[in-house]
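*Asks:* Pasting my_file37.cif below, which is mmCIF, C-alpha atoms and all ligand atoms.
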data_run
loop_
_atom_site.label_atom_id
_atom_site.label_comp_id
_atom_site.auth_asym_id
_atom_site.auth_seq_id
_atom_site.Cartn_x
_atom_site.Cartn_y
_atom_site.Cartn_z
CA MET A 21 -19.69 -30.37 -53.51
CA ALA A 22 -22.09 -27.86 -55.02
CA SER A 23 -25.13 -29.36 -56.64
CA ALA A 24 -26.75 -27.63 -59.56
CA THR A 25 -29.55 -28.66 -61.81
CA VAL A 26 -30.79 -27.52 -65.16
CA ASP A 27 -34.52 -28.08 -65.64
CA GLY A 28 -37.41 -26.88 -67.70
CA ARG A 29 -35.09 -25.49 -70.36
CA ARG A 30 -34.78 -25.90 -74.10
CA VAL A 31 -31.18 -27.01 -74.49
CA LEU A 32 -28.96 -27.59 -77.50
CA VAL A 33 -26.02 -29.98 -77.26
CA THR A 34 -23.79 -29.69 -80.32
CA GLY A 35 -21.81 -32.88 -80.83
CA GLY A 36 -24.45 -34.64 -78.72
CA ALA A 37 -23.77 -37.96 -80.47
CA GLY A 38 -20.13 -37.89 -79.42
CA PHE A 39 -18.41 -39.23 -76.33
CA ILE A 40 -18.85 -36.30 -73.94
CA GLY A 41 -21.92 -34.79 -75.62
CA SER A 42 -23.96 -37.99 -75.38
CA HIS A 43 -23.32 -38.20 -71.63
CA LEU A 44 -24.41 -34.58 -71.28
CA VAL A 45 -27.62 -35.37 -73.16
CA ASP A 46 -28.29 -38.32 -70.85
CA ALA A 47 -27.90 -36.07 -67.80
CA LEU A 48 -30.23 -33.37 -69.16
CA VAL A 49 -32.91 -35.17 -71.10
CA GLU A 50 -35.18 -36.12 -68.24
CA ASP A 51 -35.82 -32.56 -67.06
CA ASN A 52 -35.31 -30.55 -70.23
CA GLU A 53 -36.21 -30.45 -73.89
CA VAL A 54 -32.93 -31.49 -75.44
CA ARG A 55 -31.86 -31.02 -79.03
CA VAL A 56 -28.72 -32.49 -80.57
CA LEU A 57 -26.88 -31.04 -83.55
CA ASP A 58 -24.37 -33.50 -84.94
CA ASP A 59 -23.01 -34.48 -88.36
CA PHE A 60 -22.18 -38.01 -87.14
CA SER A 61 -18.63 -37.71 -88.45
CA THR A 62 -17.35 -39.39 -85.29
CA GLY A 63 -20.52 -39.48 -83.17
CA ARG A 64 -22.94 -42.38 -83.21
CA ARG A 65 -26.70 -42.24 -83.43
CA ALA A 66 -26.97 -45.20 -81.06
CA HIS A 67 -25.38 -43.07 -78.34
CA VAL A 68 -28.07 -40.38 -78.50
CA HIS A 69 -30.82 -40.76 -75.92
CA PRO A 70 -34.10 -41.57 -77.70
CA ASP A 71 -35.91 -38.66 -76.01
CA ALA A 72 -33.58 -36.08 -77.55
CA THR A 73 -34.44 -34.47 -80.88
CA VAL A 74 -31.71 -34.97 -83.44
CA ILE A 75 -30.81 -32.46 -86.12
CA GLU A 76 -28.28 -33.99 -88.47
CA GLY A 77 -26.15 -31.19 -89.84
CA ASP A 78 -22.94 -29.25 -89.84
CA ILE A 79 -21.89 -26.72 -87.23
CA ARG A 80 -20.23 -24.73 -90.02
CA ASP A 81 -23.56 -24.04 -91.73
CA PRO A 82 -25.27 -20.88 -90.35
CA ALA A 83 -28.75 -21.97 -91.55
CA THR A 84 -28.44 -25.34 -89.80
CA VAL A 85 -27.18 -23.66 -86.64
CA ALA A 86 -30.09 -21.20 -86.76
CA GLU A 87 -32.57 -24.08 -87.06
CA ALA A 88 -30.95 -25.93 -84.16
CA MET A 89 -30.89 -22.79 -82.02
CA ALA A 90 -34.55 -21.86 -82.51
CA ASP A 91 -36.05 -21.02 -79.07
CA VAL A 92 -33.01 -22.43 -77.30
CA ASP A 93 -31.70 -20.55 -74.27
CA LEU A 94 -28.78 -22.79 -73.30
CA VAL A 95 -26.12 -24.39 -75.47
CA PHE A 96 -23.38 -26.86 -74.65
CA HIS A 97 -20.91 -26.68 -77.52
CA GLU A 98 -19.10 -30.01 -77.84
CA ALA A 99 -19.06 -30.47 -81.63
CA ALA A 100 -15.53 -30.46 -82.94
CA ASN A 101 -12.81 -32.32 -84.65
CA ALA A 102 -11.45 -33.65 -81.34
CA SER A 103 -8.40 -35.28 -82.89
CA VAL A 104 -5.02 -33.57 -82.59
CA THR A 105 -3.65 -35.88 -85.28
CA ARG A 106 -6.37 -34.91 -87.76
CA SER A 107 -5.68 -31.23 -87.06
CA VAL A 108 -1.99 -31.79 -87.86
CA ASP A 109 -2.89 -33.64 -91.09
CA ASP A 110 -5.40 -31.03 -92.28
CA PRO A 111 -5.23 -27.80 -90.28
CA VAL A 112 -7.52 -25.83 -92.59
CA ALA A 113 -10.35 -28.38 -92.38
CA SER A 114 -9.91 -28.66 -88.61
CA HIS A 115 -9.94 -24.87 -88.20
CA ARG A 116 -13.18 -24.60 -90.14
CA VAL A 117 -14.96 -27.01 -87.81
CA ASN A 118 -13.34 -26.04 -84.53
CA ALA A 119 -12.84 -22.29 -84.80
CA THR A 120 -15.24 -21.10 -87.51
CA GLY A 121 -17.92 -23.57 -86.38
CA ALA A 122 -17.72 -22.29 -82.80
CA LEU A 123 -17.86 -18.68 -84.01
CA THR A 124 -20.92 -19.45 -86.14
CA LEU A 125 -22.60 -20.86 -83.06
CA LEU A 126 -21.63 -17.94 -80.80
CA GLU A 127 -22.91 -15.46 -83.36
CA ARG A 128 -26.31 -17.15 -83.47
CA ALA A 129 -26.35 -17.38 -79.66
CA ARG A 130 -25.69 -13.62 -79.49
CA ARG A 131 -28.86 -12.98 -81.47
CA ALA A 132 -30.85 -15.39 -79.33
CA ASP A 133 -29.22 -14.23 -76.08
CA ALA A 134 -28.59 -17.89 -75.18
CA ARG A 135 -25.98 -18.96 -72.67
CA VAL A 136 -23.13 -20.96 -74.20
CA VAL A 137 -20.80 -23.35 -72.39
CA VAL A 138 -17.92 -24.21 -74.73
CA ALA A 139 -15.56 -27.18 -74.66
CA SER A 140 -12.05 -25.77 -74.51
CA SER A 141 -8.99 -27.91 -73.83
CA THR A 142 -5.77 -28.35 -71.93
CA ALA A 143 -4.19 -28.36 -75.41
CA ILE A 144 -4.26 -24.54 -75.32
CA TYR A 145 -1.40 -24.58 -72.78
CA GLY A 146 0.97 -26.65 -74.93
CA ASN A 147 3.95 -27.61 -72.77
CA PRO A 148 3.12 -25.95 -69.45
CA THR A 149 5.89 -24.12 -67.62
CA THR A 150 4.44 -24.95 -64.20
CA ILE A 151 2.66 -28.01 -62.81
CA PRO A 152 -0.13 -27.98 -61.74
CA VAL A 153 -1.40 -25.77 -64.55
CA THR A 154 -3.50 -22.78 -63.54
CA GLU A 155 -5.71 -20.78 -65.87
CA GLU A 156 -3.02 -18.07 -65.79
CA GLU A 157 -0.49 -20.34 -67.50
CA PRO A 158 0.86 -18.89 -70.77
CA THR A 159 -0.90 -20.39 -73.76
CA THR A 160 1.52 -21.79 -76.33
CA PRO A 161 -0.33 -24.57 -78.16
CA THR A 162 1.76 -27.19 -79.94
CA SER A 163 -0.86 -28.27 -82.49
CA PRO A 164 -3.40 -26.67 -84.82
CA TYR A 165 -6.07 -28.22 -82.57
CA GLY A 166 -4.66 -26.31 -79.58
CA VAL A 167 -4.65 -23.04 -81.53
CA GLU A 168 -8.25 -23.62 -82.63
CA LYS A 169 -9.36 -24.34 -79.06
CA LEU A 170 -7.54 -21.22 -77.89
CA ALA A 171 -9.55 -19.23 -80.45
CA VAL A 172 -12.79 -20.77 -79.12
CA ASP A 173 -11.75 -20.02 -75.54
CA HIS A 174 -11.02 -16.38 -76.43
CA TYR A 175 -14.16 -15.98 -78.53
CA ALA A 176 -16.28 -17.19 -75.61
CA ARG A 177 -14.72 -14.55 -73.32
CA LEU A 178 -14.92 -11.89 -76.01
CA TYR A 179 -18.61 -12.51 -76.68
CA HIS A 180 -19.16 -11.92 -72.99
CA ASP A 181 -16.98 -8.81 -72.77
CA LEU A 182 -18.09 -7.28 -76.05
CA TYR A 183 -21.73 -8.31 -76.34
CA GLY A 184 -22.69 -9.25 -72.79
CA LEU A 185 -23.42 -12.87 -73.72
CA ASP A 186 -23.35 -15.42 -70.88
CA THR A 187 -20.47 -17.70 -71.80
CA VAL A 188 -18.21 -20.09 -69.91
CA ALA A 189 -15.21 -21.98 -71.33
CA LEU A 190 -14.32 -25.32 -69.77
CA ARG A 191 -10.76 -26.45 -70.36
CA TYR A 192 -11.03 -30.22 -70.23
CA PHE A 193 -7.96 -32.26 -69.38
CA ASN A 194 -7.88 -35.94 -70.44
CA VAL A 195 -11.46 -37.14 -70.32
CA TYR A 196 -12.25 -40.86 -70.20
CA GLY A 197 -15.26 -43.07 -69.73
CA PRO A 198 -17.78 -45.25 -71.56
CA ARG A 199 -18.39 -44.64 -75.30
CA GLN A 200 -14.99 -43.08 -75.89
CA ALA A 201 -13.76 -43.98 -79.36
CA CYS A 202 -10.37 -45.60 -79.66
CA ALA A 203 -9.00 -42.91 -81.90
CA ASP A 204 -6.41 -40.57 -80.52
CA TYR A 205 -3.94 -39.99 -77.74
CA SER A 206 -6.63 -38.46 -75.53
CA SER A 207 -8.19 -41.91 -75.50
CA VAL A 208 -5.02 -43.72 -74.39
CA ILE A 209 -7.14 -45.45 -71.73
CA THR A 210 -9.39 -46.93 -74.42
CA VAL A 211 -6.33 -48.06 -76.38
CA PHE A 212 -4.75 -49.71 -73.32
CA LEU A 213 -8.01 -51.41 -72.33
CA GLU A 214 -8.53 -52.80 -75.82
CA GLN A 215 -4.99 -54.12 -75.88
CA ALA A 216 -5.24 -55.68 -72.43
CA CYS A 217 -8.68 -57.19 -73.02
CA SER A 218 -7.60 -58.78 -76.29
CA GLY A 219 -4.47 -60.27 -74.74
CA GLN A 220 -2.05 -58.01 -76.60
CA PRO A 221 0.85 -56.21 -74.98
CA ILE A 222 0.12 -52.70 -73.76
CA THR A 223 2.21 -50.29 -75.81
CA VAL A 224 3.61 -47.25 -74.04
CA GLU A 225 5.05 -44.49 -76.24
CA GLY A 226 8.53 -43.52 -75.03
CA ASP A 227 9.53 -44.31 -71.46
CA GLY A 228 6.04 -43.63 -70.10
CA SER A 229 7.17 -40.90 -67.73
CA GLN A 230 4.69 -38.45 -69.28
CA ILE A 231 2.04 -37.51 -66.73
CA ARG A 232 -1.62 -36.79 -67.43
CA ASP A 233 -4.68 -35.74 -65.47
CA PHE A 234 -7.49 -38.17 -66.37
CA VAL A 235 -10.96 -36.94 -65.50
CA HIS A 236 -14.05 -39.13 -65.67
CA VAL A 237 -16.76 -38.03 -68.07
CA SER A 238 -19.38 -37.89 -65.29
CA ASP A 239 -17.29 -35.19 -63.56
CA VAL A 240 -17.02 -33.29 -66.85
CA VAL A 241 -20.81 -33.44 -67.19
CA ARG A 242 -21.18 -32.05 -63.68
CA ALA A 243 -18.79 -29.21 -64.47
CA ASN A 244 -20.95 -28.36 -67.49
CA VAL A 245 -24.11 -28.25 -65.40
CA LEU A 246 -22.38 -25.97 -62.88
CA ALA A 247 -21.23 -23.73 -65.73
CA ALA A 248 -24.78 -23.57 -67.04
CA THR A 249 -26.03 -22.10 -63.78
CA THR A 250 -23.13 -20.02 -62.47
CA ASP A 251 -23.17 -16.25 -62.32
CA ARG A 252 -19.38 -16.28 -62.95
CA VAL A 253 -19.74 -15.86 -66.71
CA GLY A 254 -17.07 -14.72 -69.16
CA GLU A 255 -14.62 -17.00 -67.35
CA ALA A 256 -12.57 -20.08 -68.25
CA TYR A 257 -12.06 -23.02 -65.90
CA ASN A 258 -9.77 -26.03 -65.83
CA VAL A 259 -11.72 -29.27 -65.61
CA GLY A 260 -9.50 -32.08 -64.41
CA THR A 261 -8.96 -33.82 -61.09
CA GLY A 262 -5.84 -32.07 -59.79
CA ARG A 263 -4.15 -35.50 -59.73
CA SER A 264 -1.94 -37.11 -62.32
CA VAL A 265 -0.59 -40.49 -63.24
CA SER A 266 2.33 -41.43 -65.47
CA ILE A 267 1.48 -43.28 -68.66
CA LEU A 268 3.65 -46.19 -67.50
CA ASP A 269 1.76 -46.44 -64.20
CA LEU A 270 -1.52 -46.21 -66.11
CA ALA A 271 -0.42 -49.13 -68.30
CA ARG A 272 0.47 -51.17 -65.19
CA LEU A 273 -2.84 -50.28 -63.55
CA VAL A 274 -4.77 -51.38 -66.63
CA ALA A 275 -2.78 -54.63 -66.73
CA ASP A 276 -3.53 -55.27 -63.03
CA LEU A 277 -7.22 -54.43 -63.30
CA THR A 278 -7.70 -56.70 -66.30
CA ASP A 279 -6.06 -60.05 -65.73
CA GLY A 280 -2.51 -58.95 -65.11
CA GLU A 281 -1.36 -61.11 -68.02
CA SER A 282 -0.58 -58.35 -70.51
CA ASP A 283 3.02 -57.25 -70.85
CA VAL A 284 3.81 -53.59 -70.96
CA THR A 285 6.10 -52.78 -73.90
CA HIS A 286 7.59 -49.54 -75.19
CA VAL A 287 7.41 -48.07 -78.68
CA ASP A 288 8.95 -44.91 -80.14
CA PRO A 289 8.00 -41.68 -78.41
CA ARG A 290 5.49 -39.49 -80.20
CA PRO A 291 7.21 -36.43 -81.69
CA GLY A 292 6.22 -33.27 -79.85
CA ASP A 293 4.50 -35.18 -77.05
CA ILE A 294 3.70 -33.07 -74.00
CA GLU A 295 5.73 -34.17 -70.99
CA ALA A 296 3.51 -33.15 -68.11
CA SER A 297 -0.08 -32.10 -67.64
CA ARG A 298 -2.01 -31.76 -64.40
CA ALA A 299 -4.79 -29.29 -63.71
CA ASP A 300 -4.93 -26.84 -60.87
CA ILE A 301 -8.68 -26.91 -60.28
CA SER A 302 -8.83 -24.42 -57.44
CA LYS A 303 -10.60 -21.79 -59.56
CA ALA A 304 -13.36 -24.22 -60.60
CA ARG A 305 -13.63 -25.40 -56.98
CA ARG A 306 -13.86 -21.88 -55.62
CA GLU A 307 -16.11 -20.26 -58.21
CA LEU A 308 -18.22 -23.13 -59.55
CA GLY A 309 -18.23 -25.49 -56.58
CA TYR A 310 -16.76 -28.16 -58.86
CA GLU A 311 -15.39 -31.25 -57.12
CA PRO A 312 -14.30 -34.34 -59.07
CA SER A 313 -15.76 -37.46 -57.55
CA VAL A 314 -14.45 -40.44 -59.53
CA GLY A 315 -10.92 -41.69 -58.79
CA LEU A 316 -8.94 -43.22 -61.65
CA GLN A 317 -8.90 -46.72 -60.21
CA ASP A 318 -12.69 -46.76 -59.68
CA GLY A 319 -13.34 -45.19 -63.08
CA LEU A 320 -11.15 -47.79 -64.80
CA ALA A 321 -12.70 -50.66 -62.87
CA ALA A 322 -16.19 -49.53 -63.91
CA LEU A 323 -15.08 -49.30 -67.54
CA ILE A 324 -13.68 -52.83 -67.39
CA ASP A 325 -16.95 -54.07 -65.83
CA GLY A 326 -18.84 -52.34 -68.65
CA ASP A 327 -20.71 -50.32 -66.06
CA ALA A 328 -21.72 -47.32 -68.15
CA ASP A 329 -24.16 -46.04 -65.56
CA GLY A 330 -21.96 -46.40 -62.53
CA PHE A 331 -21.20 -42.69 -62.16
CA ARG A 332 -24.34 -40.85 -63.08
CA PRO A 333 -23.75 -37.17 -62.34
P1 LIG B 401 -16.20 -36.77 -80.11
O1 LIG B 401 -15.47 -36.85 -81.42
O2 LIG B 401 -16.67 -38.04 -79.49
O3 LIG B 401 -17.43 -35.77 -80.22
C1 LIG B 401 -17.48 -34.71 -81.13
C2 LIG B 401 -18.84 -34.73 -81.80
O4 LIG B 401 -18.92 -33.63 -82.71
C3 LIG B 401 -19.09 -36.00 -82.62
O5 LIG B 401 -20.36 -36.53 -82.31
C4 LIG B 401 -19.01 -35.52 -84.07
O6 LIG B 401 -19.81 -36.32 -84.95
C5 LIG B 401 -19.49 -34.09 -83.93
N1 LIG B 401 -19.02 -33.22 -85.01
C6 LIG B 401 -17.77 -33.16 -85.53
N2 LIG B 401 -17.72 -32.26 -86.52
C7 LIG B 401 -18.96 -31.72 -86.61
C8 LIG B 401 -19.55 -30.74 -87.46
N3 LIG B 401 -18.83 -30.13 -88.43
N4 LIG B 401 -20.86 -30.43 -87.29
C9 LIG B 401 -21.60 -31.06 -86.34
N5 LIG B 401 -21.10 -32.00 -85.52
C10 LIG B 401 -19.80 -32.34 -85.66
O7 LIG B 401 -15.22 -35.99 -79.10
P2 LIG B 401 -15.34 -35.79 -77.51
O8 LIG B 401 -14.15 -36.44 -76.90
O9 LIG B 401 -16.70 -36.12 -77.03
O10 LIG B 401 -15.09 -34.21 -77.42
C11 LIG B 401 -16.14 -33.28 -77.16
C12 LIG B 401 -15.53 -31.90 -77.04
O11 LIG B 401 -14.60 -31.86 -75.95
C13 LIG B 401 -14.74 -31.46 -78.28
O12 LIG B 401 -14.95 -30.08 -78.48
C14 LIG B 401 -13.31 -31.72 -77.88
O13 LIG B 401 -12.41 -30.89 -78.61
C15 LIG B 401 -13.35 -31.38 -76.41
N6 LIG B 401 -12.30 -32.02 -75.59
C16 LIG B 401 -12.28 -33.36 -75.43
C17 LIG B 401 -11.29 -33.92 -74.63
C18 LIG B 401 -11.24 -35.41 -74.37
O14 LIG B 401 -10.36 -35.85 -73.61
N7 LIG B 401 -12.13 -36.23 -74.93
C19 LIG B 401 -10.31 -33.11 -74.02
C20 LIG B 401 -10.36 -31.75 -74.24
C21 LIG B 401 -11.38 -31.19 -75.00
#
Could you show the structure in this file as structure tokens?
*Replies:*
Amino acid sequence: MASATVDGRRVLVTGGAGFIGSHLVDALVEDNEVRVLDDFSTGRRAHVHPDATVIEGDIRDPATVAEAMADVDLVFHEAANASVTRSVDDPVASHRVNATGALTLLERARRADARVVVASSTAIYGNPTTIPVTEEEPTTPTSPYGVEKLAVDHYARLYHDLYGLDTVALRYFNVYGPRQACADYSSVITVFLEQACSGQPITVEGDGSQIRDFVHVSDVVRANVLAATTDRVGEAYNVGTGRSVSILDLARLVADLTDGESDVTHVDPRPGDIEASRADISKARRELGYEPSVGLQDGLAALIDGDADGFRP
């Protein structure tokens, strides 16, 4: 596995109080001057490393973005409405944060000539025609969130092609790990763990045959660090594990790893749910040297043990 480090830099992590962003900050803060821009809409101040400088503000506001970007030469853009459900409920509000917010950031980065690594998503593929999903898969998002992430993904490439900015888009699959909020389908692991640990039945939507590629947050952090140092800019990469598990098997695994007492029950399927998702990560392997290192069973066991530091990138 390729090892890359980022040190001696002034780095901005947007959404640095959130699930993925706060782990990125932890990985960078020792060797870099790290700034966090977050509006704390879903992020938590307690998750931000005390050595990072916090700017509380909105990614949609150009003046706030300019302040956060001052003298910064590397940005990890994680700030977003990360909830598909919220994007369906209020697509205009979600677009403003996810698409316009990202564009506001890229525009400021263009002036500062700062490298930007953006959080894209598997949601851009919608229902893939082929499994595993390569980066060449047609993009047919099934939610406003997916359309917004597709815009971000394209803007990142375009800012490279048009303006020569160093950008990389990372298409995360289903990320899990410590500090993940129990909010949306992407956090089905958090939902299952909470149910199992409180003695409730684990509720599987539909028959549970849907498959997902769950990638541990420490591997996502490593992919970001590799993207920060690669010379393969203007590119987009899948960030998953290349393995998948069905939701039913995940529920059984969670039940086994907890006390095995929880029943697995079924509720109505979610309308429009994606049937299958598994990343082909050969491009990230080949061009970034990315190699996922945390298997699902180990990642789940560490979560159950409350071992937040078990997989430091
Ligand atoms: P999160 O909700 O934990 O983090 C998002 C952060 O952005 C939060 O701290 C929130 O307060 C902040 N934020 C939201 N709106 C903002 C605004 N207008 N201005 C400033 N800050 C704002 O979500 P996460 O799971 O850590 O996701 C991080 C990124 O990864 C997002 O871009 C998300 O779309 C993407 N992603 C996540 C997953 C996943 O499985 N978690 C999968 C694919 C893509």
*Asks:* Fewer than 2 positions away in the same chain doesn't count, so skip those; otherwise give me all residues within 10 Å of Val224 in chain A, counting all atoms listed in the file, as a PDB file with C-alpha atoms, in the frame of the given file.
*Replies:*
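Wrote it out as result_25.pdb, contents follow:
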ATOM      1  CA  VAL A 208      -5.020 -43.720 -74.390  1.00  0.00           C
ATOM      2  CA  PHE A 212      -4.750 -49.710 -73.320  1.00  0.00           C
ATOM      3  CA  PRO A 221       0.850 -56.210 -74.980  1.00  0.00           C
ATOM      4  CA  ILE A 222       0.120 -52.700 -73.760  1.00  0.00           C
ATOM      5  CA  GLY A 226       8.530 -43.520 -75.030  1.00  0.00           C
ATOM      6  CA  ASP A 227       9.530 -44.310 -71.460  1.00  0.00           C
ATOM      7  CA  GLY A 228       6.040 -43.630 -70.100  1.00  0.00           C
ATOM      8  CA  SER A 229       7.170 -40.900 -67.730  1.00  0.00           C
ATOM      9  CA  ILE A 267       1.480 -43.280 -68.660  1.00  0.00           C
ATOM     10  CA  LEU A 268       3.650 -46.190 -67.500  1.00  0.00           C
ATOM     11  CA  LEU A 270      -1.520 -46.210 -66.110  1.00  0.00           C
ATOM     12  CA  ALA A 271      -0.420 -49.130 -68.300  1.00  0.00           C
ATOM     13  CA  VAL A 284       3.810 -53.590 -70.960  1.00  0.00           C
ATOM     14  CA  THR A 285       6.100 -52.780 -73.900  1.00  0.00           C
ATOM     15  CA  HIS A 286       7.590 -49.540 -75.190  1.00  0.00           C
ATOM     16  CA  VAL A 287       7.410 -48.070 -78.680  1.00  0.00           C
ATOM     17  CA  ASP A 288       8.950 -44.910 -80.140  1.00  0.00           C
ATOM     18  CA  PRO A 289       8.000 -41.680 -78.410  1.00  0.00           C
TER      19      PRO A 289
END
*Asks:* CA of Ile151 in chain A and CA of Leu277 in chain A are how many Å apart?
*Replies:* 28.2 Å
*Asks:* Quick check, in Å to one decimal: how far apart do CA of Asn147 in chain A and CA of Glu255 in chain A lie?
*Replies:*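 So the answer is 22.1 Å.
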*Asks:* What are the nearest atom pairs, with distances in Å to one decimal, for all residues of chain A that come at most 6 Å from ligand LIG 401 (chain B), using all atoms listed in the file, set out by chain and rising residue number as a Markdown table?
*Replies:*
| residue | atom | partner | partner_atom | distance |
| --- | --- | --- | --- | --- |
| A:Gly35 | CA | B:LIG401 | O4 | 3.5 |
| A:Gly36 | CA | B:LIG401 | O5 | 5.8 |
| A:Ala37 | CA | B:LIG401 | O5 | 4.1 |
| A:Gly38 | CA | B:LIG401 | O5 | 3.2 |
| A:Phe39 | CA | B:LIG401 | O9 | 3.6 |
| A:Ile40 | CA | B:LIG401 | O9 | 3.8 |
| A:Gly41 | CA | B:LIG401 | O9 | 5.6 |
| A:Leu57 | CA | B:LIG401 | C9 | 6.0 |
| A:Asp58 | CA | B:LIG401 | N5 | 3.6 |
| A:Asp59 | CA | B:LIG401 | C9 | 4.2 |
| A:Phe60 | CA | B:LIG401 | O6 | 3.6 |
| A:Ser61 | CA | B:LIG401 | O6 | 3.9 |
| A:Thr62 | CA | B:LIG401 | O6 | 3.9 |
| A:Gly63 | CA | B:LIG401 | O5 | 3.1 |
| A:Gly77 | CA | B:LIG401 | C9 | 5.7 |
| A:Asp78 | CA | B:LIG401 | N4 | 3.5 |
| A:Ile79 | CA | B:LIG401 | N4 | 3.9 |
| A:Arg80 | CA | B:LIG401 | N3 | 5.8 |
| A:Glu98 | CA | B:LIG401 | C12 | 4.1 |
| A:Ala99 | CA | B:LIG401 | O4 | 3.3 |
| A:Ala100 | CA | B:LIG401 | C6 | 4.4 |
| A:Asn101 | CA | B:LIG401 | C6 | 5.1 |
| A:Ala102 | CA | B:LIG401 | O13 | 4.0 |
| A:Val117 | CA | B:LIG401 | N3 | 5.0 |
| A:Ala139 | CA | B:LIG401 | O12 | 4.8 |
| A:Ser140 | CA | B:LIG401 | C21 | 5.5 |
| A:Ser141 | CA | B:LIG401 | C20 | 4.1 |
| A:Tyr192 | CA | B:LIG401 | C20 | 4.3 |
| A:Phe193 | CA | B:LIG401 | C19 | 5.3 |
| A:Asn194 | CA | B:LIG401 | O14 | 4.0 |
| A:Val195 | CA | B:LIG401 | O14 | 3.7 |
| A:Ser206 | CA | B:LIG401 | O14 | 4.9 |
*Asks:* Would you list the contacts of Leu213 in chain A as a PyMOL selection string, taking every protein, DNA or RNA residue within 12 Å and counting only C-alpha atoms, but skipping same-chain residues closer than 2 positions in sequence?
*Replies:* chain A and resi 196-198+200-202+207-211+215-223+270-280+282+320-326
*Asks:* When you look at Arg30 in chain A with a cut-off of 7 Å (counting only C-alpha atoms), what residues show up, excluding the ones that are within fewer than 3 positions of it in the same chain? I need them as a PyMOL selection string.
*Replies:* chain A and resi 52-54+92-94
